[in-house]
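Dumped run-v8.txt below, it's compact mmCIF, C-alpha atoms:
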# COMPACT_ATOMS: atom_id res chain seq x y z
CA MET A 1 1.92 -6.42 -38.46
CA ALA A 2 2.90 -8.89 -35.83
CA GLU A 3 1.20 -8.32 -32.53
CA GLN A 4 3.66 -7.20 -29.88
CA ARG A 5 4.08 -9.81 -27.23
CA GLU A 6 3.58 -8.74 -23.61
CA ARG A 7 6.97 -9.24 -22.05
CA PRO A 8 7.35 -9.92 -18.34
CA LEU A 9 8.48 -6.93 -16.27
CA SER A 10 9.77 -6.90 -12.73
CA PRO A 11 8.63 -7.41 -10.03
CA HIS A 12 7.45 -10.90 -11.00
CA LEU A 13 4.82 -11.13 -8.28
CA SER A 14 3.15 -14.20 -9.79
CA VAL A 15 6.19 -16.47 -9.69
CA TRP A 16 6.95 -16.15 -5.97
CA ARG A 17 5.78 -18.60 -3.38
CA TRP A 18 4.58 -17.01 -0.14
CA GLY A 19 7.13 -17.03 2.63
CA PRO A 20 8.42 -14.80 5.44
CA ALA A 21 10.98 -13.02 3.24
CA MET A 22 8.39 -12.15 0.59
CA ALA A 23 5.81 -11.10 3.17
CA VAL A 24 8.31 -8.81 4.90
CA SER A 25 9.32 -7.31 1.55
CA ILE A 26 5.66 -6.45 0.93
CA LEU A 27 5.21 -5.19 4.50
CA HIS A 28 8.27 -2.97 4.02
CA ARG A 29 6.64 -1.31 1.02
CA VAL A 30 3.19 -1.09 2.58
CA SER A 31 4.53 0.40 5.83
CA GLY A 32 6.81 2.79 3.91
CA GLY A 33 3.89 3.92 1.74
CA ALA A 34 1.65 4.44 4.79
CA LEU A 35 4.36 6.40 6.63
CA THR A 36 4.97 8.61 3.61
CA VAL A 37 1.37 9.29 2.63
CA ALA A 38 -0.48 9.27 5.98
CA GLY A 39 2.48 9.86 8.31
CA LEU A 40 3.87 12.91 6.53
CA ALA A 41 0.40 14.38 5.97
CA ILE A 42 -0.28 14.12 9.71
CA LEU A 43 3.18 15.48 10.59
CA THR A 44 2.52 18.54 8.38
CA TRP A 45 -0.98 18.94 9.80
CA TRP A 46 0.34 18.69 13.38
CA LEU A 47 3.07 21.32 12.80
CA LEU A 48 0.61 23.66 11.05
CA ALA A 49 -1.89 23.29 13.89
CA LEU A 50 0.86 24.04 16.43
CA SER A 51 1.95 27.12 14.49
CA ARG A 52 -1.60 28.48 14.27
CA GLY A 53 -2.08 28.65 18.00
CA SER A 54 -3.68 26.82 20.88
CA ASP A 55 -7.23 26.74 19.43
CA ALA A 56 -6.16 25.08 16.17
CA TYR A 57 -3.91 22.73 18.14
CA ALA A 58 -6.78 21.80 20.47
CA ASP A 59 -8.85 20.80 17.41
CA PHE A 60 -6.01 18.57 16.23
CA SER A 61 -5.50 17.00 19.68
CA LYS A 62 -9.23 16.34 20.02
CA LEU A 63 -9.31 14.42 16.72
CA ALA A 64 -6.06 12.61 17.47
CA SER A 65 -7.31 11.34 20.83
CA GLN A 66 -10.60 9.96 19.46
CA TRP A 67 -10.64 6.20 18.92
CA PHE A 68 -10.11 6.56 15.15
CA GLY A 69 -7.27 8.99 15.75
CA LEU A 70 -5.62 6.51 18.08
CA VAL A 71 -6.13 3.68 15.56
CA VAL A 72 -4.31 5.77 12.93
CA LEU A 73 -1.50 6.74 15.32
CA ILE A 74 -1.03 3.18 16.61
CA GLY A 75 -1.10 1.94 13.01
CA LEU A 76 1.58 4.49 12.04
CA THR A 77 3.69 3.52 15.06
CA TRP A 78 3.51 -0.11 13.96
CA ALA A 79 4.40 0.93 10.39
CA PHE A 80 7.37 2.91 11.75
CA PHE A 81 8.75 -0.02 13.78
CA GLN A 82 8.09 -2.55 11.00
CA HIS A 83 9.79 -0.31 8.43
CA LEU A 84 12.68 0.43 10.82
CA LEU A 85 13.35 -3.25 11.59
CA SER A 86 12.87 -4.55 8.05
CA GLY A 87 14.96 -1.55 6.93
CA ILE A 88 17.85 -2.65 9.15
CA ARG A 89 17.49 -6.17 7.75
CA HIS A 90 17.47 -4.62 4.27
CA LEU A 91 20.75 -2.78 4.96
CA VAL A 92 22.36 -6.06 6.09
CA THR A 93 21.36 -7.85 2.89
CA ASP A 94 22.40 -4.77 0.86
CA ALA A 95 25.84 -5.21 2.41
CA GLY A 96 25.85 -8.80 1.13
CA ASP A 97 25.13 -10.66 4.34
CA ASN A 98 22.22 -12.77 5.70
CA PHE A 99 21.48 -14.73 2.50
CA GLU A 100 21.51 -18.17 4.15
CA ILE A 101 17.95 -19.47 4.04
CA THR A 102 17.48 -20.16 7.75
CA GLY A 103 18.98 -16.88 8.96
CA ASN A 104 17.19 -14.88 6.30
CA LYS A 105 13.85 -16.45 7.16
CA ASN A 106 14.33 -16.08 10.91
CA SER A 107 15.35 -12.44 10.61
CA ALA A 108 12.23 -11.78 8.51
CA LEU A 109 10.02 -13.31 11.21
CA LEU A 110 11.94 -11.40 13.87
CA THR A 111 11.14 -8.02 12.24
CA VAL A 112 7.41 -8.83 12.32
CA LEU A 113 7.52 -9.99 15.93
CA GLY A 114 9.77 -7.10 17.00
CA ALA A 115 7.51 -4.48 15.41
CA ILE A 116 4.44 -5.85 17.22
CA VAL A 117 6.26 -6.02 20.56
CA LEU A 118 7.71 -2.49 20.25
CA THR A 119 4.34 -1.02 19.19
CA ALA A 120 2.54 -2.74 22.07
CA ALA A 121 5.21 -1.68 24.59
CA LEU A 122 5.17 1.95 23.45
CA TRP A 123 1.38 2.27 23.57
CA PHE A 124 1.07 0.47 26.89
CA TYR A 125 3.55 3.02 28.18
CA ILE A 126 1.68 5.99 26.65
CA LEU A 127 -1.85 4.95 27.59
CA GLY A 128 -0.79 3.54 30.94
CA GLY A 129 1.15 6.71 31.78
CA ALA A 130 -1.79 8.95 30.87
CA LYS A 131 -3.70 7.97 33.99
CA MET B 1 29.99 -6.13 -28.67
CA SER B 2 30.02 -4.33 -31.98
CA LEU B 3 33.08 -3.24 -33.89
CA GLY B 4 33.92 0.43 -33.77
CA ASN B 5 32.69 0.91 -30.23
CA SER B 6 35.69 1.46 -28.06
CA SER B 7 33.80 1.86 -24.78
CA THR B 8 34.80 -0.62 -22.15
CA GLU B 9 32.25 -3.16 -20.92
CA LEU B 10 32.13 -1.42 -17.55
CA LYS B 11 31.43 1.95 -19.13
CA LYS B 12 28.49 0.47 -21.04
CA VAL B 13 26.77 -1.06 -18.05
CA ARG B 14 27.59 1.55 -15.45
CA GLY B 15 24.42 3.18 -14.25
CA LEU B 16 22.12 1.10 -16.45
CA GLY B 17 19.79 -0.63 -14.04
CA SER B 18 16.08 -1.17 -14.68
CA ALA B 19 15.49 2.51 -13.96
CA GLY B 20 17.92 3.51 -16.73
CA GLU B 21 19.97 5.67 -14.45
CA GLY B 22 22.67 5.47 -11.87
CA GLY B 23 23.11 4.15 -8.40
CA GLU B 24 23.03 7.56 -6.68
CA HIS B 25 19.33 7.16 -5.96
CA TRP B 26 19.91 3.74 -4.39
CA ILE B 27 22.77 5.02 -2.21
CA GLY B 28 20.86 8.16 -1.24
CA GLU B 29 17.88 6.11 -0.11
CA ARG B 30 20.13 4.12 2.21
CA VAL B 31 21.97 7.14 3.59
CA SER B 32 18.65 8.87 4.37
CA SER B 33 17.38 5.63 5.97
CA ILE B 34 20.27 5.68 8.47
CA ALA B 35 19.55 9.35 9.25
CA LEU B 36 15.87 8.58 9.74
CA LEU B 37 16.65 5.66 12.01
CA LEU B 38 18.31 8.12 14.39
CA LEU B 39 15.86 11.01 13.88
CA GLY B 40 12.76 8.79 14.04
CA VAL B 41 13.82 7.22 17.32
CA TRP B 42 14.71 10.72 18.59
CA LEU B 43 11.22 12.02 17.67
CA ILE B 44 9.33 9.19 19.39
CA ALA B 45 11.59 9.32 22.47
CA SER B 46 11.22 13.11 22.70
CA LEU B 47 7.43 13.02 22.40
CA ILE B 48 6.98 10.40 25.10
CA MET B 49 9.43 12.16 27.42
CA LEU B 50 7.67 15.54 27.20
CA PRO B 51 5.70 16.10 30.41
CA SER B 52 2.61 16.96 28.36
CA LEU B 53 1.60 17.21 24.70
CA ASP B 54 -0.35 20.45 25.17
CA HIS B 55 0.26 23.50 23.01
CA ALA B 56 2.49 25.38 25.46
CA THR B 57 4.78 22.41 26.23
CA VAL B 58 5.24 21.28 22.62
CA SER B 59 5.77 24.87 21.39
CA GLU B 60 8.36 25.51 24.07
CA TRP B 61 10.16 22.30 23.10
CA LEU B 62 10.20 23.33 19.42
CA ARG B 63 11.52 26.81 20.32
CA SER B 64 14.64 25.26 21.82
CA PRO B 65 17.47 24.43 19.39
CA LEU B 66 17.53 20.79 20.54
CA GLY B 67 13.88 20.50 19.55
CA ALA B 68 13.72 22.68 16.43
CA VAL B 69 16.94 21.60 14.69
CA PRO B 70 16.42 17.81 14.76
CA MET B 71 12.76 18.38 13.85
CA ALA B 72 13.81 20.39 10.77
CA LEU B 73 16.26 17.62 9.85
CA PHE B 74 13.54 15.03 10.41
CA VAL B 75 11.08 16.88 8.15
CA VAL B 76 13.58 17.26 5.31
CA THR B 77 14.93 13.69 5.58
CA ALA B 78 11.50 12.08 5.96
CA PHE B 79 10.11 13.81 2.85
CA TRP B 80 13.29 13.01 0.93
CA HIS B 81 13.30 9.32 1.92
CA GLY B 82 9.52 8.99 1.45
CA LEU B 83 9.82 10.42 -2.06
CA ASP B 84 12.76 8.08 -2.81
CA GLY B 85 10.71 5.08 -1.69
CA LEU B 86 7.57 6.03 -3.61
CA LYS B 87 9.68 6.56 -6.76
CA VAL B 88 10.96 2.98 -6.50
CA VAL B 89 7.38 1.69 -6.25
CA VAL B 90 6.23 3.88 -9.14
CA ASP B 91 9.16 2.72 -11.30
CA ASP B 92 8.26 -0.90 -10.49
CA TYR B 93 4.60 -0.68 -11.39
CA VAL B 94 4.11 2.25 -13.80
CA HIS B 95 6.03 1.28 -16.93
CA GLU B 96 4.53 3.59 -19.54
CA PRO B 97 7.11 6.44 -19.76
CA GLY B 98 4.56 9.28 -19.91
CA ASN B 99 2.57 8.04 -16.90
CA ASN B 100 5.78 7.26 -15.02
CA PHE B 101 7.10 10.79 -15.59
CA ALA B 102 3.76 12.38 -14.70
CA LEU B 103 3.34 10.42 -11.48
CA ASN B 104 6.96 10.92 -10.36
CA THR B 105 6.70 14.65 -11.09
CA PHE B 106 3.43 14.89 -9.18
CA LEU B 107 4.99 13.12 -6.17
CA LEU B 108 8.08 15.36 -6.37
CA PHE B 109 5.93 18.51 -6.24
CA LEU B 110 3.83 17.07 -3.42
CA ALA B 111 6.92 16.15 -1.36
CA VAL B 112 8.68 19.47 -1.90
CA GLY B 113 5.45 21.35 -1.15
CA GLY B 114 4.79 19.30 1.99
CA ALA B 115 8.35 19.76 3.24
CA ALA B 116 8.19 23.54 2.60
CA LEU B 117 4.85 23.82 4.40
CA SER B 118 6.15 21.83 7.39
CA LEU B 119 9.34 23.90 7.59
CA PHE B 120 7.34 27.14 7.39
CA ALA B 121 5.12 25.97 10.27
CA LEU B 122 8.15 24.84 12.26
CA GLY B 123 9.92 28.17 11.66
CA LYS B 124 6.85 30.07 12.81
CA ILE B 125 6.78 28.01 16.03
CA ALA B 126 10.55 28.10 16.61
CA PHE B 127 10.98 31.84 16.03
CA GLY B 128 7.63 32.85 17.50
CA ALA B 129 7.33 34.59 20.83
CA ALA B 130 6.63 32.51 23.93
CA ALA B 131 2.94 32.53 24.74
Before we go any further, please render this structure as structure tokens.
Amino acid sequence: MAEQRERPLSPHLSVWRWGPAMAVSILHRVSGGALTVAGLAILTWWLLALSRGSDAYADFSKLASQWFGLVVLIGLTWAFFQHLLSGIRHLVTDAGDNFEITGNKNSALLTVLGAIVLTAALWFYILGGAK
Amino acid sequence: MSLGNSSTELKKVRGLGSAGEGGEHWIGERVSSIALLLLGVWLIASLIMLPSLDHATVSEWLRSPLGAVPMALFVVTAFWHGLDGLKVVVDDYVHEPGNNFALNTFLLFLAVGGAALSLFALGKIAFGAAA
């Protein structure tokens, strides 16, 4: 019996050269995965803690305001803004626009920059306003 | 094209992407992304505009219709969109049909369970008595 040949299946990760568009595509998936798995778990946990009363909620708040809690929340905020901006860029390309190399590349870089700026601005506001 | 098959070319290819089914999933993912763009920005804006994130303030906010209703929509849409996104990743990387079905079914149960749990908690807060 002839041995079955391994046929290539999408996505062909090995044939792509690194570039902004590819990196943002990967970031879109990574941030989406993080938001779904960690983000929705924390959302559910937060709502459950709220519903169980002030003691359970205090336990949640205490964990969330520790340094590791803040790292997770800041990370999720970044993931939200990255996914939001690359998602908007995704909708534009889905509609058939922004396929010129320069514009496509610049918009990819802009989503990365924008997500960092928005995350920094939001957390400066939150931590600065907490004084 | 074989003889004796009177289907049109369009009929044959309609709905036959790499996933073997139609475009409804693709469209649905984009519709929910637009909803989440609005609801996600609403959630972050609401949280930073609350005077405090203590139990009493957040509970009171979620007892009001303008807090509880968008939050319920956010929960449902976020789990829906998150499940949609994870399915795309699973379909890209898990090719063996049995494993693909098992993993997608597991994620479906997890998402529906998580959404139900979140909505239960939200309902308990929203319809609960003021402290």
Hey, can I get the axis-aligned box for range 114-129 of chain A? All listed atoms, 8 Å padding on each side, centre and edge lengths in Å to one decimal, as lines of an AutoDock Vina configuration file.
center_x = 4.0
center_y = -0.2
center_z = 23.6
size_x = 27.6
size_y = 29.8
size_z = 32.4
Mind listing as a compact mmCIF listing (two decimals) with C-alpha atoms, in the coordinates of the input all residues within 12 Å of (4.3, 4.1, 13.9), counting all atoms listed in the file?
# COMPACT_ATOMS: atom_id res chain seq x y z
CA SER A 31 4.53 0.40 5.83
CA GLY A 32 6.81 2.79 3.91
CA ALA A 34 1.65 4.44 4.79
CA LEU A 35 4.36 6.40 6.63
CA THR A 36 4.97 8.61 3.61
CA ALA A 38 -0.48 9.27 5.98
CA GLY A 39 2.48 9.86 8.31
CA LEU A 40 3.87 12.91 6.53
CA ILE A 42 -0.28 14.12 9.71
CA LEU A 43 3.18 15.48 10.59
CA LEU A 70 -5.62 6.51 18.08
CA VAL A 71 -6.13 3.68 15.56
CA VAL A 72 -4.31 5.77 12.93
CA LEU A 73 -1.50 6.74 15.32
CA ILE A 74 -1.03 3.18 16.61
CA GLY A 75 -1.10 1.94 13.01
CA LEU A 76 1.58 4.49 12.04
CA THR A 77 3.69 3.52 15.06
CA TRP A 78 3.51 -0.11 13.96
CA ALA A 79 4.40 0.93 10.39
CA PHE A 80 7.37 2.91 11.75
CA PHE A 81 8.75 -0.02 13.78
CA GLN A 82 8.09 -2.55 11.00
CA HIS A 83 9.79 -0.31 8.43
CA LEU A 84 12.68 0.43 10.82
CA LEU A 85 13.35 -3.25 11.59
CA ALA A 115 7.51 -4.48 15.41
CA ILE A 116 4.44 -5.85 17.22
CA LEU A 118 7.71 -2.49 20.25
CA THR A 119 4.34 -1.02 19.19
CA ALA A 120 2.54 -2.74 22.07
CA LEU A 122 5.17 1.95 23.45
CA TRP A 123 1.38 2.27 23.57
CA GLY B 40 12.76 8.79 14.04
CA VAL B 41 13.82 7.22 17.32
CA LEU B 43 11.22 12.02 17.67
CA ILE B 44 9.33 9.19 19.39
Which residues are close to Trp61 in chain B, i.e. within 12 Å by only C-alpha atoms, leaving aside same-chain residues fewer than 4 positions away? Reply as a list in words.
Leu50 of chain A; Leu43, Ser46, Leu47, Met49, Leu50, Pro51, Ser52, Leu53, Asp54, His55, Ala56, Thr57, Pro65, Leu66, Gly67, Ala68, Val69, Pro70, Met71, Leu122, Ile125, Ala126, Phe127 and Ala130 of chain B
So which one's closest to chain A, B:Ala45, B:Leu37, B:Gly98, B:Asp91? Using only C-alpha atoms, please.
B:Leu37
Within 6 Å of chain B: residues of chain A, using all atoms listed in the file, as a PDB file with C-alpha atoms, in the coordinates of the input:
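Final output, out-v6.pdb:
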ATOM      1  CA  THR A  36       4.970   8.610   3.610  1.00  0.00           C
ATOM      2  CA  THR A  44       2.520  18.540   8.380  1.00  0.00           C
ATOM      3  CA  LEU A  47       3.070  21.320  12.800  1.00  0.00           C
ATOM      4  CA  LEU A  48       0.610  23.660  11.050  1.00  0.00           C
ATOM      5  CA  SER A  51       1.950  27.120  14.490  1.00  0.00           C
ATOM      6  CA  SER A  54      -3.680  26.820  20.880  1.00  0.00           C
TER       7      SER A  54
END
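If you count only C-alpha atoms and ignore residues fewer than 3 places along the chain from range 101-107 of chain A, what sits within 8 Å of it is Pro20, Ala21, Arg89, Asn98, Leu110 and Thr111 of chain A.
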Quick check, in Å to one decimal: how far apart do CA of Leu108 in chain B and CA of Ala49 in chain A lie?
23.9 Å
Which distance in Å separates CA of Ser25 in chain A and CA of Gly23 in chain B, to one decimal?
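Between these atoms lies a distance of 20.5 Å.
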Quick one: everything within 8 Å of Asn104 in chain B, counting only C-alpha atoms, minus sequence neighbours fewer than 4 positions away in the same chain. Send it as a ChimeraX atom specification.
/B:87,90,100,108
